[in-house]
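Note sheet for the following structure.
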Amino acid sequence: MADGKKKRGKDESTMELAGKKVLIVGCGKSGIGAAAFLLREKAKPILFDESEKLTEEKVRALLFEKIKELEPEDPDEKEAEVILGKLPEEKKEQTELLVLSPGVPADTPFVESFRAKGISVWGEIELAFRKERGQVIGITGTNGKTTTTTLVGEIMKRHFETSFVMGNIGYPYADIVDKTTAQSVTVGEISSFQLETIESFHPKVSAILNITPDHLNRHHTMENYIAAKNNITKNQSKDDFCILNYDNEETRKLGDACPAKVLYFSVSKEQTDGAFLRGEDIYLAEGGKTERLMNIHEMQLVGLCNVENVMAAILISEVMGIPKEEYLDVIRTFKAVEHRIEFVDEVRGVAYYNDSKGTNPDAALQAIYAMSRPTILIGGGYDKGSAYDEWIDAFEGKVKLLVLIGQTKEKIAACAKKHGFNHYVFAETFEEAFRICVENAKQGDAVLLSPACASWGMFPNYEERGRLFKELVYKERV
């Protein structure tokens, strides 16, 4: 199964960036990283953001810090323009390339106006890939991306002299691509937002872990969302590999038309080529021959969702030529990524779990499945247009109390009531929700933060939500 020595064929049609006026929409991590990269390429970046909360001074400070972090001597941040609020028409006319941050929808009239003029619209992933020198592993899916990407990154770091982790996991691709070599491996967590704007991005190994409804407020339809996820394979060939979840209907269907060699993983059906679960043991299959690799209780991770993540990592490691003893050793010692069904502490006989990354119902469903104690659950947040029926159906025999917060609390309560679950209460603040959990938890219970919603409106991101939860838990020790 190993094919790690093959190199990805490089697209030679790289756009020359030197001297080009490049409009970057969005001044977050991705936009700042793209601007620093473009300055190194001698391009003329224009950082643009409509946000009224930003100031030019703040944007320039962020860019200056990024440049000093990556290139202490060169280039000069003053070579970049910063425009906030409204973009002057003459700047639109001067633009030769548009680079979108992931949070900027790719189908707005503003963006379409550039496409209509024949101007390329890229994301930071596409921009940076043009300078990639090594092999790339691209991982996407509705849930499990960060855990799988981090685990694969640790395995690659163990085996290869030079490896990198980038993308939606929080590390801009543009920050590291200059350091890649013909011998390096880059592992990327790639979101559907980032996949909307790729042209030449070509991973040697792609993985689509699962596809369930999410971000429909952005993609509008499931068909659009699935198409965005499937973009990760569009430049692959039969010399490449795609790892798919056999148990997920949408990813299983994608395998039929996939241009790469497909390997499936499954917790429910034995495979002839791929990885599968038999009882509590993970097996590797190649040409119908099977080999037992490990028992799931050897893992530090909990839940069937993480068994799937581990099997995906195993298949990626196999096709990258990693010896079994190496990747299995990393898997056995790997602990949960922060905010992903993360055990925080046990206080007075109550176990606290932080799954703040459970930002959609399917992700939060996996956390419910992983609980082995009566559970008090904190749910609710920003409304992404999700349905909560399946999530609430999983409460039976698991969730003893649901504490609801945020914009979706009334919507979730109505859904819970429709399904006959009436053990819910409302809280106005996160701190109040946590206090309700503490007051209702008994020895032997679990308190789980797994909101099934985004954090926006109450927190800037899910990390801040998870950190506050952990701080409140630690205060209970006293």
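Identifiers for the structure tokens are assigned positionally: chains receive A, B, ... in sequence, residues are indexed from 1 per chain, and ligands are indexed from 1 in the order shown.
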
Residues at most 10 Å from Glu338 in chain A, counting only C-alpha atoms, excluding those fewer than 3 positions away in the same chain, as a ChimeraX atom specification?
/A:146-147,335,341-344,354-357,463,466-467

Output the selection as a tab-separated table (two decimals), in the first residue's frame - C-alpha atoms for each residue.
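Output below, filename again.tsv:
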chain	number	residue	atom	x	y	z
A	146	THR	CA	-8.37	19.06	13.41
A	147	THR	CA	-7.82	15.86	15.40
A	335	LYS	CA	-4.07	12.78	23.35
A	341	ILE	CA	-14.03	15.91	23.61
A	342	GLU	CA	-11.18	17.01	25.86
A	343	PHE	CA	-11.24	15.68	29.41
A	344	VAL	CA	-10.67	18.72	31.63
A	354	ASN	CA	-14.70	20.41	26.78
A	355	ASP	CA	-16.03	19.83	23.26
A	356	SER	CA	-16.32	23.48	22.26
A	357	LYS	CA	-15.31	22.45	18.72
A	463	GLU	CA	-11.40	28.43	21.44
A	466	GLY	CA	-13.66	26.35	25.52
A	467	ARG	CA	-11.03	28.21	27.49

Considering only strand (DSSP E) as DSSP defines it on the backbone, what residues of range 58-101 of chain A qualify? List them as JSON, numbers by chain.
{"A": [81, 82, 83, 84, 97, 98, 99, 100]}

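The nearest approach to Phe421 in chain A among the residues A:Leu401, A:Ile176, A:Ala433, A:Leu277, with only C-alpha atoms taken into account, belongs to A:Leu401.
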
Within 8 Å of range 308-319 of chain A, which residues of range 65-165 of chain A show up? Give each one with its shortest atom-to-atom distance in Å (one decimal) and the two atoms involved, counting only C-alpha atoms, rows by chain then rising residue number, as JSON lines.
{"residue": "A:Gly144", "atom": "CA", "partner": "A:Asn309", "partner_atom": "CA", "distance": 6.4}
{"residue": "A:Thr147", "atom": "CA", "partner": "A:Asn309", "partner_atom": "CA", "distance": 7.2}
{"residue": "A:Thr148", "atom": "CA", "partner": "A:Asn309", "partner_atom": "CA", "distance": 5.4}
{"residue": "A:Leu151", "atom": "CA", "partner": "A:Ala313", "partner_atom": "CA", "distance": 7.0}
{"residue": "A:Val152", "atom": "CA", "partner": "A:Ala313", "partner_atom": "CA", "distance": 5.7}
{"residue": "A:Ile155", "atom": "CA", "partner": "A:Ser317", "partner_atom": "CA", "distance": 7.5}
{"residue": "A:Met156", "atom": "CA", "partner": "A:Ser317", "partner_atom": "CA", "distance": 7.9}

Using only C-alpha atoms, the shortest atom-to-atom distance to Ile211 in chain A among A:Ala257, A:Ile32, A:Ala363, A:Val165 belongs to A:Ala363

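Minimum distance to Asn231 in chain A across A:Phe114, A:Tyr283, A:Phe193, A:Tyr173 (counting only C-alpha atoms) occurs at A:Phe193.
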
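Considering only C-alpha atoms, the residue among A:Leu195, A:Ala34, A:Leu404, A:Met299 positioned nearest to Glu431 in chain A is A:Leu404.
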
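The shortest atom-to-atom distance to Ala35 in chain A, with only C-alpha atoms taken into account, belongs to A:Asp175 out of A:Asp175, A:Glu161, A:Asp383, A:Glu112.
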
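Counting from CA of Lys204 in chain A, the distance to CA of Lys261 in chain A is 10.6 Å.
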
Quick one: residues within 10 Å of Ile378 in chain A, only C-alpha atoms counted, chain neighbours fewer than 6 positions away excluded, as a list in words?
Asp355, Ser356, Leu401, Leu402, Val403, Leu404, Ile405, Tyr424, Val425, Phe426, Ala427, Phe430, Ala433, Phe434, Ile436, Cys437, Val447, Leu448, Leu449, Ser450, Pro451 and Ala452 of chain A

Please identify all polymer residues within 9 Å of Ala207 in chain A, counting only C-alpha atoms, omitting same-chain residues fewer than 2 positions from it, and present them as an MDAnalysis selection string.
chainID A and resid 137:141 205 209 232:233 241:245 312 316

Residue selection dump (N, CA and C atoms) as a PDB file, in the first residue's frame:
ATOM      1  N   ILE A 137      -0.500  16.598   1.962  1.00  0.00           N
ATOM      2  CA  ILE A 137      -1.621  15.790   2.439  1.00  0.00           C
ATOM      3  C   ILE A 137      -2.728  16.766   2.803  1.00  0.00           C
ATOM      4  N   GLY A 138      -3.894  16.648   2.162  1.00  0.00           N
ATOM      5  CA  GLY A 138      -5.012  17.557   2.437  1.00  0.00           C
ATOM      6  C   GLY A 138      -6.152  16.812   3.104  1.00  0.00           C
ATOM      7  N   ILE A 139      -6.598  17.316   4.244  1.00  0.00           N
ATOM      8  CA  ILE A 139      -7.637  16.643   5.031  1.00  0.00           C
ATOM      9  C   ILE A 139      -8.826  17.578   5.190  1.00  0.00           C
ATOM     10  N   THR A 140     -10.017  17.083   4.830  1.00  0.00           N
ATOM     11  CA  THR A 140     -11.233  17.859   5.012  1.00  0.00           C
ATOM     12  C   THR A 140     -12.337  16.960   5.552  1.00  0.00           C
ATOM     13  N   GLY A 141     -13.532  17.521   5.724  1.00  0.00           N
ATOM     14  CA  GLY A 141     -14.659  16.803   6.304  1.00  0.00           C
ATOM     15  C   GLY A 141     -15.427  17.749   7.207  1.00  0.00           C
ATOM     16  N   VAL A 205      -2.094  13.048  -1.176  1.00  0.00           N
ATOM     17  CA  VAL A 205      -3.098  12.266  -0.454  1.00  0.00           C
ATOM     18  C   VAL A 205      -4.186  13.217   0.023  1.00  0.00           C
ATOM     19  N   LEU A 209     -13.274  13.039   5.564  1.00  0.00           N
ATOM     20  CA  LEU A 209     -13.601  12.211   6.719  1.00  0.00           C
ATOM     21  C   LEU A 209     -15.092  11.921   6.844  1.00  0.00           C
ATOM     22  N   ILE A 232     -11.305  19.016  -3.127  1.00  0.00           N
ATOM     23  CA  ILE A 232      -9.976  18.602  -2.664  1.00  0.00           C
ATOM     24  C   ILE A 232      -9.376  17.535  -3.582  1.00  0.00           C
ATOM     25  N   THR A 233     -10.245  16.838  -4.348  1.00  0.00           N
ATOM     26  CA  THR A 233      -9.769  15.769  -5.238  1.00  0.00           C
ATOM     27  C   THR A 233      -9.665  16.193  -6.700  1.00  0.00           C
ATOM     28  N   PHE A 241      -3.849   9.394  -3.926  1.00  0.00           N
ATOM     29  CA  PHE A 241      -4.740   8.618  -3.073  1.00  0.00           C
ATOM     30  C   PHE A 241      -5.805   9.515  -2.447  1.00  0.00           C
ATOM     31  N   CYS A 242      -6.993   8.953  -2.279  1.00  0.00           N
ATOM     32  CA  CYS A 242      -8.069   9.633  -1.555  1.00  0.00           C
ATOM     33  C   CYS A 242      -8.610   8.674  -0.503  1.00  0.00           C
ATOM     34  N   ILE A 243      -8.642   9.126   0.750  1.00  0.00           N
ATOM     35  CA  ILE A 243      -9.123   8.328   1.881  1.00  0.00           C
ATOM     36  C   ILE A 243     -10.549   8.773   2.196  1.00  0.00           C
ATOM     37  N   LEU A 244     -11.497   7.824   2.163  1.00  0.00           N
ATOM     38  CA  LEU A 244     -12.903   8.155   2.352  1.00  0.00           C
ATOM     39  C   LEU A 244     -13.541   7.293   3.433  1.00  0.00           C
ATOM     40  N   ASN A 245     -14.563   7.861   4.069  1.00  0.00           N
ATOM     41  CA  ASN A 245     -15.341   7.173   5.104  1.00  0.00           C
ATOM     42  C   ASN A 245     -16.443   6.352   4.430  1.00  0.00           C
ATOM     43  N   ALA A 312      -8.363   6.816   9.491  1.00  0.00           N
ATOM     44  CA  ALA A 312      -7.971   7.700   8.386  1.00  0.00           C
ATOM     45  C   ALA A 312      -6.478   8.000   8.460  1.00  0.00           C
ATOM     46  N   ILE A 316      -3.534   7.122   5.652  1.00  0.00           N
ATOM     47  CA  ILE A 316      -2.642   8.173   5.144  1.00  0.00           C
ATOM     48  C   ILE A 316      -1.189   7.781   5.395  1.00  0.00           C
TER      49      ILE A 316
END

So how far away is CA of Thr55 in chain A from CA of Gly85 in chain A, in Å?
9.8 Å

Select from range 338-444 of chain A everything DSSP, run on the backbone, classes as helix (DSSP H, G or I), then give the selection as a PyMOL selection string.
chain A and resi 361-370+389-393+409-418+430-440

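Checking A:Leu62, A:Ala18, A:Val104, A:Leu301 one by one against Asp49 in chain A, counting only C-alpha atoms, you find the shortest gap at A:Val104.
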
Any idea what's packed within 9 Å of Lys131 in chain A, counting only C-alpha atoms, ignoring anything in its chain fewer than 4 positions away? Could you give it as a count of residues only?
5

Could you name the residues that touch Pro102 in chain A at 12 Å or less, counting only C-alpha atoms, but leaving out those on the same chain fewer than 6 positions away, as number ranges by chain?
A: 24-31, 34, 122-126, 167-168, 170, 172, 190-198, 218

Taking C-alpha atoms for each residue, export the selection above as a tab-separated table (two decimals), in the first residue's frame.
chain	number	residue	atom	x	y	z
A	24	ILE	CA	-6.71	40.76	-0.20
A	25	VAL	CA	-10.21	40.74	1.26
A	26	GLY	CA	-10.15	40.16	5.02
A	27	CYS	CA	-7.53	41.14	7.60
A	28	GLY	CA	-7.57	38.07	9.83
A	29	LYS	CA	-4.77	35.49	10.18
A	30	SER	CA	-5.17	34.29	6.61
A	31	GLY	CA	-5.23	37.78	5.10
A	34	ALA	CA	-1.18	36.29	2.50
A	122	TRP	CA	-7.94	32.60	-5.00
A	123	GLY	CA	-7.84	31.83	-1.33
A	124	GLU	CA	-4.66	31.84	0.74
A	125	ILE	CA	-4.35	28.05	0.27
A	126	GLU	CA	-4.25	28.39	-3.53
A	167	GLY	CA	-4.53	25.55	7.05
A	168	ASN	CA	-7.80	25.79	8.92
A	170	GLY	CA	-4.78	27.98	12.62
A	172	PRO	CA	-1.51	30.03	7.49
A	190	ILE	CA	-8.66	22.40	4.55
A	191	SER	CA	-12.16	23.77	5.14
A	192	SER	CA	-15.00	23.98	2.62
A	193	PHE	CA	-14.53	27.76	2.59
A	194	GLN	CA	-10.89	27.34	1.56
A	195	LEU	CA	-11.76	24.69	-1.03
A	196	GLU	CA	-14.16	27.06	-2.81
A	197	THR	CA	-11.25	29.05	-4.21
A	198	ILE	CA	-8.71	26.46	-5.35
A	218	ARG	CA	-22.83	30.09	3.61

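The list of residues with at least one atom within 7 Å of Ala260 in chain A, based on only C-alpha atoms and without residues fewer than 3 positions apart in the same chain, reads Gln236, Ser237, Lys238, Asp239, Asp240, Phe241 and Cys242 of chain A.
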
Could you dump the residues just selected with C-alpha atoms as a short mmCIF file (atom, residue, chain, number, x, y, z; two decimals), in the first residue's frame?
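Full text of out.cif as output:
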data_model
loop_
_atom_site.label_atom_id
_atom_site.label_comp_id
_atom_site.auth_asym_id
_atom_site.auth_seq_id
_atom_site.Cartn_x
_atom_site.Cartn_y
_atom_site.Cartn_z
CA GLN A 236 -5.72 14.43 -8.32
CA SER A 237 -4.95 11.49 -10.63
CA LYS A 238 -4.60 7.72 -10.32
CA ASP A 239 -1.06 8.31 -9.04
CA ASP A 240 -2.62 9.92 -5.95
CA PHE A 241 -4.74 8.62 -3.07
CA CYS A 242 -8.07 9.63 -1.56
#
